[in-house]
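Coordinates from input_20.cif are shown below (mmCIF, C-alpha atoms and all ligand atoms).
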```
data_work
#
loop_
_atom_site.label_atom_id
_atom_site.label_comp_id
_atom_site.auth_asym_id
_atom_site.auth_seq_id
_atom_site.Cartn_x
_atom_site.Cartn_y
_atom_site.Cartn_z
CA MET L 1 -7.88 23.00 -6.67
CA PRO L 2 -7.90 19.77 -4.62
CA GLN L 3 -10.67 17.32 -5.67
CA ILE L 4 -11.65 16.92 -2.07
CA THR L 5 -10.81 19.63 0.44
CA ARG L 6 -9.76 17.89 3.64
CA ILE L 7 -10.71 19.65 6.86
CA VAL L 8 -8.69 18.27 9.76
CA ARG L 9 -10.38 18.78 13.13
CA ILE L 10 -7.69 18.27 15.72
CA HIS L 11 -8.20 16.68 19.14
CA ASN L 12 -11.82 17.56 19.73
CA GLU L 13 -11.73 15.42 22.88
CA LEU L 14 -9.13 17.87 24.23
CA LEU L 15 -9.81 21.08 22.32
CA GLY L 16 -13.60 20.83 22.34
CA THR L 17 -14.41 22.68 25.55
CA TYR L 18 -15.66 25.82 23.83
CA GLY L 19 -17.56 24.27 20.94
CA ASP L 20 -15.01 25.23 18.29
CA ARG L 21 -15.67 21.90 16.53
CA GLY L 22 -18.51 23.78 14.82
CA ASN L 23 -15.93 25.62 12.69
CA ALA L 24 -15.46 22.43 10.65
CA ASP L 25 -19.21 22.08 10.12
CA VAL L 26 -19.55 25.66 8.89
CA LEU L 27 -16.61 25.19 6.50
CA ALA L 28 -18.25 22.08 5.06
CA PHE L 29 -21.61 23.85 4.78
CA ARG L 30 -20.19 26.91 3.03
CA ALA L 31 -18.03 24.75 0.78
CA LYS L 32 -21.11 22.91 -0.48
CA PHE L 33 -22.62 26.20 -1.65
CA HIS L 34 -19.42 27.00 -3.50
CA GLY L 35 -19.41 23.59 -5.20
CA ILE L 36 -16.43 22.40 -3.18
CA THR L 37 -16.43 18.83 -1.91
CA THR L 38 -15.06 18.45 1.61
CA GLU L 39 -14.22 15.70 4.02
CA ILE L 40 -13.95 16.32 7.76
CA ILE L 41 -11.19 14.22 9.31
CA ASP L 42 -11.33 13.95 13.09
CA VAL L 43 -7.89 13.40 14.54
CA SER L 44 -7.78 12.28 18.14
CA TYR L 45 -4.91 12.27 20.64
CA ASN L 46 -3.69 8.78 19.67
CA ASP L 47 -3.92 9.31 15.90
CA GLU L 48 -1.11 10.25 13.58
CA MET L 49 -1.74 13.68 12.08
CA PRO L 50 -2.45 13.55 8.33
CA THR L 51 0.04 15.34 6.10
CA ASN L 52 -2.46 15.82 3.28
CA GLY L 53 -5.02 18.07 5.00
CA ASN L 54 -5.98 21.34 3.34
CA ILE L 55 -7.43 23.12 6.39
CA TYR L 56 -6.33 22.33 9.96
CA LEU L 57 -8.45 23.42 12.93
CA LEU L 58 -7.39 23.90 16.54
CA GLY L 59 -9.88 24.92 19.25
CA GLY L 60 -9.98 26.22 22.80
CA ALA L 61 -9.28 24.13 25.87
CA GLU L 62 -8.39 24.09 29.51
CA ASP L 63 -4.70 24.37 30.36
CA ALA L 64 -3.96 20.67 30.97
CA ALA L 65 -5.76 19.59 27.81
CA GLN L 66 -3.92 22.09 25.65
CA VAL L 67 -0.58 20.74 26.88
CA LEU L 68 -1.63 17.20 25.93
CA SER L 69 -2.71 18.38 22.51
CA LEU L 70 0.60 20.17 21.97
CA GLU L 71 2.45 17.03 22.98
CA ALA L 72 0.51 14.94 20.44
CA ILE L 73 0.97 17.50 17.62
CA SER L 74 4.71 17.62 18.33
CA ARG L 75 4.98 13.82 18.05
CA ASP L 76 5.15 13.71 14.27
CA GLY L 77 5.49 17.26 12.92
CA ASN L 78 2.94 16.38 10.23
CA MET L 79 0.80 19.47 10.71
CA GLU L 80 3.84 21.73 10.34
CA PHE L 81 4.80 19.78 7.19
CA ALA L 82 1.35 20.40 5.69
CA LEU L 83 1.49 24.10 6.59
CA GLU L 84 4.90 24.46 4.95
CA ASN L 85 3.26 23.04 1.83
CA GLY L 86 0.50 25.64 1.81
CA ALA L 87 -2.23 24.21 4.04
CA VAL L 88 -4.38 26.62 6.04
CA LEU L 89 -4.58 26.72 9.84
CA LEU L 90 -7.29 28.28 12.01
CA ALA L 91 -6.21 28.22 15.65
CA VAL L 92 -8.61 29.44 18.33
CA CYS L 93 -7.69 30.42 21.91
CA ALA L 94 -5.72 27.52 23.45
CA GLY L 95 -4.95 26.47 19.88
CA PHE L 96 -3.74 30.01 19.16
CA GLN L 97 -1.55 29.99 22.27
CA ILE L 98 0.19 26.71 21.42
CA ILE L 99 1.30 27.89 17.97
CA GLY L 100 3.38 30.64 19.57
CA GLU L 101 6.86 30.44 21.07
CA SER L 102 5.60 29.85 24.62
CA PHE L 103 2.59 29.97 26.92
CA TYR L 104 1.71 29.19 30.54
CA ALA L 105 -0.44 26.26 31.61
CA ASN L 106 -1.41 26.05 35.27
CA GLY L 107 1.39 28.46 36.10
CA VAL L 108 4.12 26.53 34.29
CA GLU L 109 5.79 27.93 31.18
CA GLN L 110 5.58 25.63 28.14
CA GLU L 111 7.42 25.77 24.86
CA GLY L 112 4.98 26.13 21.95
CA LEU L 113 5.19 25.07 18.31
CA GLY L 114 6.88 28.35 17.37
CA LEU L 115 4.90 28.85 14.16
CA ILE L 116 4.36 32.53 14.95
CA ASN L 117 6.67 34.86 16.85
CA MET L 118 4.50 35.55 19.90
CA ARG L 119 4.26 34.44 23.49
CA THR L 120 1.45 34.12 25.99
CA VAL L 121 1.78 35.04 29.66
CA PRO L 122 -0.73 34.92 32.52
CA GLY L 123 -3.05 37.95 32.18
CA GLN L 124 -4.14 40.40 34.89
CA LYS L 125 -7.58 38.74 35.00
CA ARG L 126 -9.65 36.18 33.11
CA TYR L 127 -10.94 37.74 29.91
CA VAL L 128 -14.55 36.64 29.53
CA GLY L 129 -17.30 38.12 27.38
CA ASP L 130 -18.41 39.32 24.00
CA ILE L 131 -15.74 40.55 21.65
CA LYS L 132 -15.93 42.54 18.44
CA VAL L 133 -13.03 43.07 16.06
CA LYS L 134 -12.72 45.64 13.25
CA GLU L 135 -10.32 46.12 10.34
CA SER L 136 -9.84 42.38 10.30
CA GLN L 137 -7.86 40.54 7.67
CA VAL L 138 -11.22 39.11 6.53
CA GLY L 139 -12.48 42.56 5.56
CA ILE L 140 -15.52 42.49 7.84
CA GLU L 141 -16.19 43.12 11.51
CA LEU L 142 -15.93 39.89 13.45
CA THR L 143 -17.88 38.99 16.55
CA GLY L 144 -17.35 36.22 19.03
CA PHE L 145 -17.05 35.22 22.64
CA GLU L 146 -13.77 35.09 24.54
CA ASN L 147 -12.86 33.18 27.69
CA HIS L 148 -9.17 32.95 28.51
CA GLY L 149 -6.61 33.70 31.20
CA GLY L 150 -3.64 34.16 28.91
CA GLN L 151 -2.41 37.45 27.48
CA THR L 152 -0.66 37.15 24.14
CA ILE L 153 2.22 39.43 23.19
CA LEU L 154 3.00 39.56 19.49
CA GLY L 155 6.62 39.74 18.40
CA GLU L 156 7.83 42.70 16.40
CA GLY L 157 6.27 42.91 12.96
CA VAL L 158 3.69 40.18 13.60
CA GLN L 159 0.35 41.18 12.13
CA PRO L 160 -2.74 40.91 14.36
CA LEU L 161 -5.99 39.51 12.95
CA GLY L 162 -7.74 42.80 13.71
CA LYS L 163 -8.38 45.66 16.13
CA VAL L 164 -10.59 45.17 19.18
CA ILE L 165 -13.71 47.36 19.46
CA THR L 166 -15.32 45.55 22.40
CA GLY L 167 -13.59 43.05 24.68
CA ASN L 168 -9.94 42.19 25.30
CA GLY L 169 -8.59 40.07 22.45
CA ASN L 170 -4.91 39.37 23.00
CA GLY L 171 -5.31 40.90 26.47
CA ASP L 172 -4.32 44.50 25.78
CA GLY L 173 -7.81 45.46 24.58
CA LYS L 174 -6.25 46.72 21.33
CA PHE L 175 -5.65 43.78 19.04
CA ASP L 176 -6.88 40.24 18.57
CA GLY L 177 -5.10 37.28 17.09
CA ALA L 178 -2.27 37.00 14.61
CA VAL L 179 -1.92 36.21 10.92
CA LEU L 180 1.06 34.80 9.10
CA GLY L 181 0.49 33.61 5.53
CA ASN L 182 -2.19 30.92 5.76
CA ILE L 183 -2.01 30.70 9.56
CA PHE L 184 -4.81 32.50 11.39
CA GLY L 185 -4.91 32.73 15.19
CA THR L 186 -7.65 34.33 17.29
CA TYR L 187 -9.36 34.34 20.68
CA LEU L 188 -12.86 34.32 19.15
CA HIS L 189 -15.16 31.43 19.99
CA GLY L 190 -18.76 31.37 18.84
CA PRO L 191 -17.92 29.16 17.03
CA LEU L 192 -16.06 31.85 15.12
CA LEU L 193 -17.11 30.67 11.65
CA ALA L 194 -20.78 30.24 12.62
CA ARG L 195 -20.85 33.89 13.66
CA ASN L 196 -18.67 35.07 10.78
CA PRO L 197 -19.25 32.76 7.81
CA GLU L 198 -17.36 35.14 5.51
CA PHE L 199 -14.25 34.02 7.37
CA ALA L 200 -15.03 30.43 6.34
CA ASP L 201 -15.13 31.60 2.71
CA LEU L 202 -11.71 33.21 3.09
CA LEU L 203 -10.22 29.99 4.51
CA LEU L 204 -11.80 27.95 1.71
CA ALA L 205 -10.48 30.37 -0.91
CA ARG L 206 -6.99 30.09 0.54
CA ALA L 207 -7.18 26.29 0.70
CA THR L 208 -8.55 25.75 -2.80
CA GLY L 209 -6.98 28.64 -4.70
CA ARG L 210 -10.50 29.62 -5.79
CA LYS L 211 -11.62 33.22 -5.83
CA PHE L 212 -15.12 33.91 -4.62
CA THR L 213 -16.01 37.13 -6.40
CA GLN L 214 -18.88 37.93 -4.09
CA ILE L 215 -19.74 36.82 -0.59
CA HIS L 216 -22.37 34.18 -0.97
CA ASP L 217 -24.44 33.91 2.18
CA PRO L 218 -27.24 31.38 1.79
CA LEU L 219 -28.68 32.45 5.13
CA GLY L 220 -29.34 35.96 3.88
CA ALA L 221 -27.72 39.34 4.31
CA GLU L 222 -30.10 40.44 7.05
CA TYR L 223 -29.38 37.43 9.17
CA ALA L 224 -25.66 37.99 8.69
CA ALA L 225 -26.02 41.63 9.77
CA LEU L 226 -27.97 40.61 12.86
CA ARG L 227 -25.31 38.05 13.76
CA ARG L 228 -22.64 40.73 13.52
CA LYS L 229 -24.62 43.05 15.80
CA LEU L 230 -24.82 40.46 18.56
CA THR L 231 -21.98 41.37 20.84
N1 LIG M 301 -6.34 27.68 28.77
C1 LIG M 301 -6.13 28.88 28.04
C2 LIG M 301 -6.32 30.14 28.87
O1 LIG M 301 -7.03 30.13 29.85
C3 LIG M 301 -7.04 28.92 26.82
C4 LIG M 301 -8.49 29.01 27.17
C5 LIG M 301 -9.38 28.79 25.99
O2 LIG M 301 -8.99 28.11 25.05
N2 LIG M 301 -10.59 29.28 26.03
O3 LIG M 301 -5.77 31.16 28.53
#
```

Could you show the structure in this file as structure tokens?
Amino acid sequence: MPQITRIVRIHNELLGTYGDRGNADVLAFRAKFHGITTEIIDVSYNDEMPTNGNIYLLGGAEDAAQVLSLEAISRDGNMEFALENGAVLLAVCAGFQIIGESFYANGVEQEGLGLINMRTVPGQKRYVGDIKVKESQVGIELTGFENHGGQTILGEGVQPLGKVITGNGNGDGKFDGAVLGNIFGTYLHGPLLARNPEFADLLLARATGRKFTQIHDPLGAEYAALRRKLT
């Protein structure tokens, strides 16, 4: 287990539109209860990406901002290097779109990072509202808020994060997100980990190699249940 678990919050000045920066705060908060020491490293557009992060976080953004973020991430390939060496990635919405093969920004097709075999095309409408996901890879129902114009089509054999109960998810109303090894992509804002802290525990377990035998929710089971009901 790393002595300090490094949480790399990427380009909040670009990918901060939907408040996904809170995912880092929830990870740090949950880690403390598990006796894990964390450091949040804010990487901005001009910074070199660290290669020694344990958890990398990408958030949602407007089209132009997500293209700038992609450009900066592509500059050094350091995030991809870290992921190849076992680091964890949580990519939300615009962040999710840029890790695929391609996406559209302001009507123009862009080549993505190609970490997952999937592509995003302009959807039939803007998908805005509460979203609930079942049979998720986290083992619990997830709730969140979505707000995106892109529709994401997973390549053959790519595993979604879960099945949509309410909302649109990837745009087909059936599935949300994608999972490949330690890479997790989703359309859920909230921030996602504030609404689903068990997901934070899963990411921490993956990053540290620790097993949490039981979900430890310091805010109480009832509060957690209420949070899950809020869709
Ligand atoms: N700009 C992207 C879209 O509209 C992502 C939006 C977001 O991150 N919320 O699809």

Go through chain L and flag each residue having an atom no more than 7 Å from ligand LIG 301 (chain M); for those, report the closest pair of atoms plus their distance in Å to one decimal, using all atoms listed in the file, ordered by chain and rising number, as a tab-separated table.
```
residue	atom	partner	partner_atom	distance
L:Tyr18	CA	M:LIG301	N2	6.5
L:Gly59	CA	M:LIG301	O2	6.7
L:Gly60	CA	M:LIG301	O2	3.1
L:Ala61	CA	M:LIG301	O2	4.1
L:Glu62	CA	M:LIG301	N1	4.2
L:Asp63	CA	M:LIG301	N1	4.0
L:Gln66	CA	M:LIG301	N1	6.8
L:Val92	CA	M:LIG301	O2	6.9
L:Cys93	CA	M:LIG301	O2	4.1
L:Ala94	CA	M:LIG301	O2	3.7
L:Gly95	CA	M:LIG301	O2	6.8
L:Ala105	CA	M:LIG301	N1	6.7
L:Glu146	CA	M:LIG301	N2	6.8
L:Asn147	CA	M:LIG301	N2	4.8
L:His148	CA	M:LIG301	O1	3.8
L:Gly149	CA	M:LIG301	O3	3.8
L:Gly150	CA	M:LIG301	O3	3.7
```

Could you please determine the separation between atom CA of Asn54 of chain L and atom CA of Val88 of chain L in Å, to one decimal place?
-> 6.1 Å

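Atom CA of Pro191 of chain L sits 23.5 Å away from atom CA of Met118 of chain L.
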
Please indicate the distance in Å from atom CA of Ser74 of chain L to atom CA of Ile99 of chain L, rounded to one decimal place.
->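 That distance, rounded to one decimal, is 10.8 Å.
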
Local residues around (-16.0, 18.2, 2.0), at most 10 Å away, using all atoms listed in the file, as a PyMOL selection string | chain L and resi 3-7+24-25+27-32+35-41

Surrounding residues of Val158 of chain L excluding itself and chain neighbours under 6 positions, 8 Å, only C-alpha atoms, as a list of chain:residue names |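 Here the answer would be L:Ile116, L:Asn117, L:Met118, L:Ala178, L:Val179, L:Leu180.
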
With all atoms listed in the file as the basis for distance, which of L:Gly144, L:Gly157, L:Gly53, L:Gly16 is at the shortest distance from Tyr187 of chain L?
->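 Distance minimum relative to Tyr187 of chain L lands on L:Gly144.
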
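Closest approach to Leu113 of chain L among L:Lys134, L:Arg126, L:His34, L:Arg75 is made by L:Arg75 (distances from all atoms listed in the file).
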
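Nearest residue to Asp76 of chain L among L:Glu111, L:Thr51, L:Val8, L:Gly19 is L:Thr51, counting only C-alpha atoms.
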
With 8 Å on each side, where is the centre of the axis-aligned box around all listed atoms of segment 101-108 of chain L, and how long are its edges in Å to one decimal, as AutoDock Vina command-line options?
```
--center_x 2.7 --center_y 28.2 --center_z 28.6 --size_x 24.3 --size_y 20.4 --size_z 31.0
```

Find the residue from L:Val67, L:Val133, L:Arg9, L:Phe199 that sits nearest to Asp42 of chain L; use all atoms listed in the file when measuring.
->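 Checking each of L:Val67, L:Val133, L:Arg9, L:Phe199 against Asp42 of chain L, counting all atoms listed in the file, the winner is L:Arg9.
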
Counting only C-alpha atoms, what is within 6 Å of Leu57 of chain L, bar same-chain residues fewer than 3 positions away, as a PyMOL selection string?
-> chain L and resi 9-10+89-91

Between L:Gly22, L:Gly100, L:Gly185, L:Gly139, which is the closest to Leu161 of chain L once you count only C-alpha atoms?
-> L:Gly185

Find the residues near Gly86 of chain L: any atom within 9 Å, counting only C-alpha atoms, skip ones fewer than 5 places away on the same chain, and give them as a PDB file with C-alpha atoms, keeping the file's coordinate frame.
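And here is the file that came out, result.pdb:
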```pdb
ATOM      1  CA  ASN L  54      -5.980  21.340   3.340  1.00  0.00           C
ATOM      2  CA  GLY L 181       0.490  33.610   5.530  1.00  0.00           C
ATOM      3  CA  ASN L 182      -2.190  30.920   5.760  1.00  0.00           C
ATOM      4  CA  ARG L 206      -6.990  30.090   0.540  1.00  0.00           C
ATOM      5  CA  ALA L 207      -7.180  26.290   0.700  1.00  0.00           C
TER       6      ALA L 207
END
```

Can you tell me, as a PyMOL selection string, what residues are no more than 12 Å from Lys163 of chain L when counting all atoms listed in the file, ignoring any on the same chain fewer than 3 positions away?
-> chain L and resi 131-143+159-160+166-178+186

Can you rebuild segment 126-137 of chain L with all heavy atoms and give it as a PDB file, keeping the file's coordinate frame?
```
ATOM      1  N   ARG L 126      -9.129  37.053  34.166  1.00  0.00           N
ATOM      2  CA  ARG L 126      -9.650  36.180  33.110  1.00  0.00           C
ATOM      3  C   ARG L 126     -10.492  37.039  32.174  1.00  0.00           C
ATOM      4  O   ARG L 126     -11.328  37.822  32.630  1.00  0.00           O
ATOM      5  CB  ARG L 126     -10.462  35.030  33.717  1.00  0.00           C
ATOM      6  CG  ARG L 126     -10.707  33.939  32.704  1.00  0.00           C
ATOM      7  CD  ARG L 126     -11.066  32.593  33.285  1.00  0.00           C
ATOM      8  NE  ARG L 126     -11.264  31.662  32.176  1.00  0.00           N
ATOM      9  CZ  ARG L 126     -10.316  30.895  31.667  1.00  0.00           C
ATOM     10  NH1 ARG L 126      -9.107  30.879  32.191  1.00  0.00           N
ATOM     11  NH2 ARG L 126     -10.575  30.116  30.633  1.00  0.00           N
ATOM     12  N   TYR L 127     -10.248  36.914  30.902  1.00  0.00           N
ATOM     13  CA  TYR L 127     -10.940  37.740  29.910  1.00  0.00           C
ATOM     14  C   TYR L 127     -12.158  36.978  29.389  1.00  0.00           C
ATOM     15  O   TYR L 127     -12.009  36.046  28.599  1.00  0.00           O
ATOM     16  CB  TYR L 127      -9.987  38.087  28.769  1.00  0.00           C
ATOM     17  CG  TYR L 127      -8.676  38.680  29.243  1.00  0.00           C
ATOM     18  CD1 TYR L 127      -7.494  37.945  29.183  1.00  0.00           C
ATOM     19  CD2 TYR L 127      -8.627  39.970  29.774  1.00  0.00           C
ATOM     20  CE1 TYR L 127      -6.291  38.488  29.629  1.00  0.00           C
ATOM     21  CE2 TYR L 127      -7.432  40.519  30.224  1.00  0.00           C
ATOM     22  CZ  TYR L 127      -6.270  39.771  30.152  1.00  0.00           C
ATOM     23  OH  TYR L 127      -5.087  40.301  30.594  1.00  0.00           O
ATOM     24  N   VAL L 128     -13.332  37.369  29.861  1.00  0.00           N
ATOM     25  CA  VAL L 128     -14.550  36.640  29.530  1.00  0.00           C
ATOM     26  C   VAL L 128     -15.591  37.623  28.991  1.00  0.00           C
ATOM     27  O   VAL L 128     -15.832  38.658  29.624  1.00  0.00           O
ATOM     28  CB  VAL L 128     -15.151  35.939  30.773  1.00  0.00           C
ATOM     29  CG1 VAL L 128     -16.371  35.117  30.398  1.00  0.00           C
ATOM     30  CG2 VAL L 128     -14.111  35.053  31.443  1.00  0.00           C
ATOM     31  N   GLY L 129     -16.192  37.299  27.866  1.00  0.00           N
ATOM     32  CA  GLY L 129     -17.300  38.120  27.380  1.00  0.00           C
ATOM     33  C   GLY L 129     -17.328  38.256  25.876  1.00  0.00           C
ATOM     34  O   GLY L 129     -16.541  37.641  25.157  1.00  0.00           O
ATOM     35  N   ASP L 130     -18.265  39.081  25.432  1.00  0.00           N
ATOM     36  CA  ASP L 130     -18.410  39.320  24.000  1.00  0.00           C
ATOM     37  C   ASP L 130     -17.224  40.114  23.483  1.00  0.00           C
ATOM     38  O   ASP L 130     -16.682  40.960  24.179  1.00  0.00           O
ATOM     39  CB  ASP L 130     -19.698  40.096  23.727  1.00  0.00           C
ATOM     40  CG  ASP L 130     -20.920  39.230  23.927  1.00  0.00           C
ATOM     41  OD1 ASP L 130     -20.896  38.065  23.483  1.00  0.00           O
ATOM     42  OD2 ASP L 130     -21.888  39.708  24.538  1.00  0.00           O
ATOM     43  N   ILE L 131     -16.867  39.840  22.259  1.00  0.00           N
ATOM     44  CA  ILE L 131     -15.740  40.550  21.650  1.00  0.00           C
ATOM     45  C   ILE L 131     -16.092  40.899  20.204  1.00  0.00           C
ATOM     46  O   ILE L 131     -16.755  40.114  19.511  1.00  0.00           O
ATOM     47  CB  ILE L 131     -14.421  39.732  21.734  1.00  0.00           C
ATOM     48  CG1 ILE L 131     -13.299  40.383  20.923  1.00  0.00           C
ATOM     49  CG2 ILE L 131     -14.594  38.282  21.350  1.00  0.00           C
ATOM     50  CD1 ILE L 131     -11.910  39.844  21.241  1.00  0.00           C
ATOM     51  N   LYS L 132     -15.690  42.085  19.807  1.00  0.00           N
ATOM     52  CA  LYS L 132     -15.930  42.540  18.440  1.00  0.00           C
ATOM     53  C   LYS L 132     -14.604  43.073  17.888  1.00  0.00           C
ATOM     54  O   LYS L 132     -13.878  43.788  18.591  1.00  0.00           O
ATOM     55  CB  LYS L 132     -16.984  43.649  18.454  1.00  0.00           C
ATOM     56  CG  LYS L 132     -17.624  43.931  17.131  1.00  0.00           C
ATOM     57  CD  LYS L 132     -18.888  44.770  17.340  1.00  0.00           C
ATOM     58  CE  LYS L 132     -19.648  44.934  16.055  1.00  0.00           C
ATOM     59  NZ  LYS L 132     -20.927  45.616  16.267  1.00  0.00           N
ATOM     60  N   VAL L 133     -14.326  42.734  16.666  1.00  0.00           N
ATOM     61  CA  VAL L 133     -13.030  43.070  16.060  1.00  0.00           C
ATOM     62  C   VAL L 133     -13.266  43.784  14.732  1.00  0.00           C
ATOM     63  O   VAL L 133     -14.072  43.333  13.920  1.00  0.00           O
ATOM     64  CB  VAL L 133     -12.211  41.771  15.834  1.00  0.00           C
ATOM     65  CG1 VAL L 133     -10.965  42.029  15.019  1.00  0.00           C
ATOM     66  CG2 VAL L 133     -11.845  41.141  17.181  1.00  0.00           C
ATOM     67  N   LYS L 134     -12.579  44.911  14.519  1.00  0.00           N
ATOM     68  CA  LYS L 134     -12.720  45.640  13.250  1.00  0.00           C
ATOM     69  C   LYS L 134     -11.418  45.579  12.459  1.00  0.00           C
ATOM     70  O   LYS L 134     -10.388  45.121  12.965  1.00  0.00           O
ATOM     71  CB  LYS L 134     -13.129  47.089  13.500  1.00  0.00           C
ATOM     72  CG  LYS L 134     -12.068  47.913  14.200  1.00  0.00           C
ATOM     73  CD  LYS L 134     -12.471  49.381  14.270  1.00  0.00           C
ATOM     74  CE  LYS L 134     -11.386  50.177  14.968  1.00  0.00           C
ATOM     75  NZ  LYS L 134     -11.628  51.588  15.054  1.00  0.00           N
ATOM     76  N   GLU L 135     -11.496  46.094  11.233  1.00  0.00           N
ATOM     77  CA  GLU L 135     -10.320  46.120  10.340  1.00  0.00           C
ATOM     78  C   GLU L 135      -9.616  44.765  10.323  1.00  0.00           C
ATOM     79  O   GLU L 135      -8.386  44.677  10.372  1.00  0.00           O
ATOM     80  CB  GLU L 135      -9.348  47.227  10.754  1.00  0.00           C
ATOM     81  CG  GLU L 135      -9.928  48.615  10.553  1.00  0.00           C
ATOM     82  CD  GLU L 135      -9.073  49.718  11.155  1.00  0.00           C
ATOM     83  OE1 GLU L 135      -7.841  49.596  11.117  1.00  0.00           O
ATOM     84  OE2 GLU L 135      -9.648  50.688  11.654  1.00  0.00           O
ATOM     85  N   SER L 136     -10.428  43.712  10.271  1.00  0.00           N
ATOM     86  CA  SER L 136      -9.840  42.380  10.300  1.00  0.00           C
ATOM     87  C   SER L 136      -9.284  42.016   8.926  1.00  0.00           C
ATOM     88  O   SER L 136      -9.639  42.626   7.917  1.00  0.00           O
ATOM     89  CB  SER L 136     -10.880  41.342  10.706  1.00  0.00           C
ATOM     90  OG  SER L 136     -11.714  41.041   9.600  1.00  0.00           O
ATOM     91  N   GLN L 137      -8.439  41.027   8.919  1.00  0.00           N
ATOM     92  CA  GLN L 137      -7.860  40.540   7.670  1.00  0.00           C
ATOM     93  C   GLN L 137      -8.940  39.963   6.747  1.00  0.00           C
ATOM     94  O   GLN L 137      -8.705  39.729   5.570  1.00  0.00           O
ATOM     95  CB  GLN L 137      -6.836  39.447   7.959  1.00  0.00           C
ATOM     96  CG  GLN L 137      -5.687  39.898   8.822  1.00  0.00           C
ATOM     97  CD  GLN L 137      -4.777  40.852   8.089  1.00  0.00           C
ATOM     98  OE1 GLN L 137      -4.436  40.621   6.949  1.00  0.00           O
ATOM     99  NE2 GLN L 137      -4.411  41.939   8.729  1.00  0.00           N
TER     100      GLN L 137
END
```
